[in-house]
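Enquirer: Before anything else, here's the structure in question.
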Amino acid sequence: MRHTRPDFPDGFLFGAATSSYQIEGHGVGGAGRTQWDDFAATPGNVVRFEDGARACDHYHRYAEDLDLVAAAGFDCYRFSLSWARVMPEGRGPVNAEGLDFYDRLTDAMLERGIKPCATLYHWELPSPLLDSGGWRNRDIAEWFADYTEVVMSRIGDRMFSVAPINEPWCVAWLSHFEGHHAPGVRDIRAAARAMHHVLLAHGRAIETMRGLGMGNLGGVFNHEWTDPADDSPEARSAADRYDAIYNRWFLGGVFKGEYPTLALEGLEPHLPTGWQDDFSTIQAPLDWCGLNYYTRKLIAPAGQPWPNYRDVEGPLPKTFMDWEIYPDGLYNFLTRAAREYTGDLPLFVTENGMASPDVLKGTSVEDPDRTAYLDAHLASAKRAIAEGVPLNGYFIWSLLDNYEWALGYEKRFGLVHVDFDTLVRTPKASYHALAHALKS
Ligand code: FCB
């Protein structure tokens with residue numbers, strides 16, 4: 001790698017990220033059913049109908065996986081907790097085995113000198129909560145606060161940092177308007193409600209953790225840079241609408257107590273009554289803000305009702321996800337977030353990385369594209385820091401090849417290769433390059 005640790009300020013944190021459903025193996029340990037189990041079991045939703053029942057079997061192999069985190073020289077490990085593992089019904093009874101697992105996992109990080117960075121929700125909603133409306137139902141904010149209290153009363157004393165919800169845009173828009181993720185809904189009213197309730201739940205979880213005396217609490221928001229597909233004013237305004245819904249809704253709600261006009265144009269009629277009164281909760285003060293960043297989109301009008309946009313194929317080199325590689329987007333977001341939303345608040349890149357069709361040859365996996373991708377994005381991060389952006393850390397998605405949601409196990413994002421038959425882990429060349437960079 002071109003970048004090494006000394007290229008970044010003292011105390012800058014490097015981490016690897018994963019999420020519970022994508023790696024743990026949801027079929028063991030008394031976990032309850034989730035919306036992803038149901039979504040995957042419904043033909044047409046997930047490549048080869050794959051689900052997270054076994055995944056990487058991290059539930060049993062977590063010690064080996066944390067050894068890999070430590071051996072790479074990472075400071076932090078960003079992991080998530082499965083609501084349904086802790087509370088199989090989403091509400092009420094607690095699965096002691098599940099809570100014990102996260103307790104052991106926490107201690108195993110600390111024993112290795114790794115800072116635990118938790119996310120409370122990375123998409124696997126307990127199915128019974130979906131029966132009650134899931135993210136469409138305002139009560140989810142209280143269900144989520146209760147779950148937060150249960151988990152953090154047990155492990156909150158040992159967390160380095162916590163964020164309530166991974167990528168609210170995916171929770172709300174991708175899953176309730178586009179229908180690409182569980183629960184696979186395509187409905188503007190459901191989407192509007194989810195867009196609001198996800199932030200309300202975020203705020204209630206922050207309030208709950210403050211009540212427990214916890215600090216270093218933040219939010220993790222995904223961002224996709226948006227450029228118009230051509231010079232027309234129509235493409236410009238389609239791109240601005242995309243930006244408002246994808247990027248500005250969430251930072252606007254949390255850091256300014258307002259939603260962008262361009263998004264309200266379509267969503268306001270479908271928002272729950274009294275939504276304006278919830279901003280005091282949504283704006284519960286944070287200690288840091290996390291940005292997940294992978295790519296940009298070129299946007300054109302779609303000749304449809306609101307939001308009237310579609311993405312067009314761009315000219316840049318693409319990853320195995322067909323996502324354009326556009327490191328400038330990371331710089332753009334870091335500087336824009338600090339300038340327009342977060343000011344002096346510490347920022348973290350909480351996810352960045354790429355999928356490639358990695359092949360194990362003997363005992364090695366050559367993935368030079370991944371190393372180049374990480375280097376290019378670290379250069380963008382450095383450029384932002386040099387301009388005064390208070391960026392305090394960078395997390396790579398992902399430690400392991402894992403369950404890439406609707407795309408199943410084919411899209412490999414890991415620094416470590418996983419053979420999904422034998423579950424053998426093999427660090428890729430990018431892992432070794434990074435370990436070298438972090439130790440120098
Ligand atoms: C992010 C998700 C993560 C993974 C990566 C590729 O949107 O947070 O779970 O799917 O994309």
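Each chain in the structure tokens gets a letter, A, B and so on, in the order shown; residues start at 1 in every chain, and ligands are counted from 1 in the order they appear.
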Step by step, measure atom-to-atom distances between ligand 1 and each residue using only C-alpha atoms and all ligand atoms, keep those at most 8 Å, then write them as a list in words.

Expert: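 Counting only C-alpha atoms and all ligand atoms, the residues within 8 Å of ligand 1 come out as Thr18, Ser19, Gln22, His122, Asn166, Glu167, Cys170, Asn222, Asn292, Tyr294, Glu351, Gly353, Met354, Ala355, Trp397, Ser398, Tyr403, Glu404, Trp405 and Phe413 of chain A.
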
Enquirer: Taking N, CA and C atoms for each residue, export the selection above as a PDB file, in the first residue's frame.

Expert:
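Here's the written file result-v1.pdb:
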ATOM      1  N   THR A  18     -17.885  -5.545  10.279  1.00  0.00           N
ATOM      2  CA  THR A  18     -18.718  -6.691   9.880  1.00  0.00           C
ATOM      3  C   THR A  18     -20.137  -6.408  10.382  1.00  0.00           C
ATOM      4  N   SER A  19     -21.058  -7.316  10.118  1.00  0.00           N
ATOM      5  CA  SER A  19     -22.364  -7.228  10.787  1.00  0.00           C
ATOM      6  C   SER A  19     -22.844  -8.625  11.150  1.00  0.00           C
ATOM      7  N   GLN A  22     -24.638 -11.105   8.635  1.00  0.00           N
ATOM      8  CA  GLN A  22     -23.779 -11.419   7.492  1.00  0.00           C
ATOM      9  C   GLN A  22     -22.681 -12.425   7.829  1.00  0.00           C
ATOM     10  N   HIS A 122     -28.293  -3.774  12.322  1.00  0.00           N
ATOM     11  CA  HIS A 122     -27.776  -3.850  10.950  1.00  0.00           C
ATOM     12  C   HIS A 122     -28.733  -4.748  10.157  1.00  0.00           C
ATOM     13  N   ASN A 166     -27.347   1.049  11.450  1.00  0.00           N
ATOM     14  CA  ASN A 166     -26.513   1.110  10.259  1.00  0.00           C
ATOM     15  C   ASN A 166     -27.335   1.557   9.049  1.00  0.00           C
ATOM     16  N   GLU A 167     -26.914   2.634   8.415  1.00  0.00           N
ATOM     17  CA  GLU A 167     -27.435   3.059   7.113  1.00  0.00           C
ATOM     18  C   GLU A 167     -28.957   3.193   7.070  1.00  0.00           C
ATOM     19  N   CYS A 170     -30.835   2.586   3.780  1.00  0.00           N
ATOM     20  CA  CYS A 170     -31.122   1.199   3.380  1.00  0.00           C
ATOM     21  C   CYS A 170     -32.307   0.650   4.150  1.00  0.00           C
ATOM     22  N   ASN A 222     -25.090   6.080   5.275  1.00  0.00           N
ATOM     23  CA  ASN A 222     -24.442   5.795   3.992  1.00  0.00           C
ATOM     24  C   ASN A 222     -24.663   6.937   3.012  1.00  0.00           C
ATOM     25  N   ASN A 292     -20.545   5.954   5.620  1.00  0.00           N
ATOM     26  CA  ASN A 292     -20.202   4.787   4.802  1.00  0.00           C
ATOM     27  C   ASN A 292     -20.176   5.246   3.359  1.00  0.00           C
ATOM     28  N   TYR A 294     -19.109   4.091  -0.782  1.00  0.00           N
ATOM     29  CA  TYR A 294     -18.623   3.114  -1.761  1.00  0.00           C
ATOM     30  C   TYR A 294     -18.512   3.657  -3.185  1.00  0.00           C
ATOM     31  N   GLU A 351     -17.495   2.683   6.844  1.00  0.00           N
ATOM     32  CA  GLU A 351     -17.396   1.575   5.869  1.00  0.00           C
ATOM     33  C   GLU A 351     -16.822   2.105   4.566  1.00  0.00           C
ATOM     34  N   GLY A 353     -14.852  -0.078   1.004  1.00  0.00           N
ATOM     35  CA  GLY A 353     -14.217  -1.313   0.545  1.00  0.00           C
ATOM     36  C   GLY A 353     -14.830  -1.740  -0.776  1.00  0.00           C
ATOM     37  N   MET A 354     -14.391  -2.851  -1.288  1.00  0.00           N
ATOM     38  CA  MET A 354     -14.933  -3.278  -2.583  1.00  0.00           C
ATOM     39  C   MET A 354     -15.061  -4.798  -2.689  1.00  0.00           C
ATOM     40  N   ALA A 355     -15.988  -5.209  -3.563  1.00  0.00           N
ATOM     41  CA  ALA A 355     -16.149  -6.629  -3.873  1.00  0.00           C
ATOM     42  C   ALA A 355     -15.345  -6.949  -5.112  1.00  0.00           C
ATOM     43  N   TRP A 397     -14.786  -2.179   5.103  1.00  0.00           N
ATOM     44  CA  TRP A 397     -15.772  -3.229   4.883  1.00  0.00           C
ATOM     45  C   TRP A 397     -15.178  -4.180   3.874  1.00  0.00           C
ATOM     46  N   SER A 398     -14.814  -5.380   4.279  1.00  0.00           N
ATOM     47  CA  SER A 398     -15.173  -6.042   5.514  1.00  0.00           C
ATOM     48  C   SER A 398     -14.010  -6.923   5.955  1.00  0.00           C
ATOM     49  N   TYR A 403     -22.158 -12.758   3.793  1.00  0.00           N
ATOM     50  CA  TYR A 403     -23.475 -12.777   3.142  1.00  0.00           C
ATOM     51  C   TYR A 403     -23.816 -11.377   2.665  1.00  0.00           C
ATOM     52  N   GLU A 404     -23.708 -11.161   1.369  1.00  0.00           N
ATOM     53  CA  GLU A 404     -23.945  -9.816   0.836  1.00  0.00           C
ATOM     54  C   GLU A 404     -25.429  -9.658   0.476  1.00  0.00           C
ATOM     55  N   TRP A 405     -26.282  -9.876   1.456  1.00  0.00           N
ATOM     56  CA  TRP A 405     -27.714  -9.578   1.373  1.00  0.00           C
ATOM     57  C   TRP A 405     -28.370 -10.202   0.135  1.00  0.00           C
ATOM     58  N   PHE A 413     -16.319  -9.206  -0.261  1.00  0.00           N
ATOM     59  CA  PHE A 413     -15.811  -7.904   0.201  1.00  0.00           C
ATOM     60  C   PHE A 413     -14.668  -8.056   1.207  1.00  0.00           C
TER      61      PHE A 413
END

Enquirer: Return as CSV the residues of segment 375-408 of chain A lying at most 7 Å from segment 329-339 of chain A, together with the closest atom-to-atom pair for each and the distance in Å to one decimal, counting only C-alpha atoms, with rows in chain order and ascending residue number.

Expert:
residue,atom,partner,partner_atom,distance
A:His377,CA,A:Leu330,CA,6.9
A:Ser380,CA,A:Tyr331,CA,5.0
A:Ala381,CA,A:Tyr331,CA,6.0
A:Ala384,CA,A:Tyr331,CA,5.7
A:Val389,CA,A:Thr335,CA,6.3

Enquirer: Tell me, in Å to one decimal, how far atom CA of Gly343 of chain A is from atom CA of Glu207 of chain A.

Expert: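 Taking atom CA of Gly343 of chain A as the start and atom CA of Glu207 of chain A as the end point, the length is 21.7 Å.
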
Enquirer: Could you jot down the atom CA of Tyr77 of chain A to atom CA of Phe395 of chain A separation for me, Å, one decimal place?

Expert: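 Straight-line distance from atom CA of Tyr77 of chain A to atom CA of Phe395 of chain A works out to 8.2 Å.
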
Enquirer: Mind checking DSSP for segment 188-382 of chain A and telling me the alpha helix (DSSP H) residues as a ChimeraX atom specification?

Expert: /A:188-211,233-243,249-256,261-267,279-282,328-337,368-382

Enquirer: Pick the closest to Leu264 of chain A from A:His196, A:Arg186, A:Arg210, A:His202: which is it, counting only C-alpha atoms?

Expert: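 Nearest to Leu264 of chain A: A:His196.
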
Enquirer: Within 12 Å of Lys318 of chain A, counting only C-alpha atoms, which residues qualify if same-chain residues fewer than 3 places away don't, as a PyMOL selection string?

Expert: chain A and resi 294-297+313-315+321-327+354-356+369-370+373

Enquirer: Considering only C-alpha atoms, can you say which of A:Asp421, A:Glu224, A:Glu265, A:Asp51 comes closest to Gly27 of chain A?

Expert: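 Under the stated criterion, the closest residue is A:Asp51.
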
Enquirer: Select, from A:Ser80, A:Thr261, A:Thr34, A:Ser440, the residue with the minimum atom-to-atom distance to Pro6 of chain A, counting only C-alpha atoms.

Expert: A:Ser440
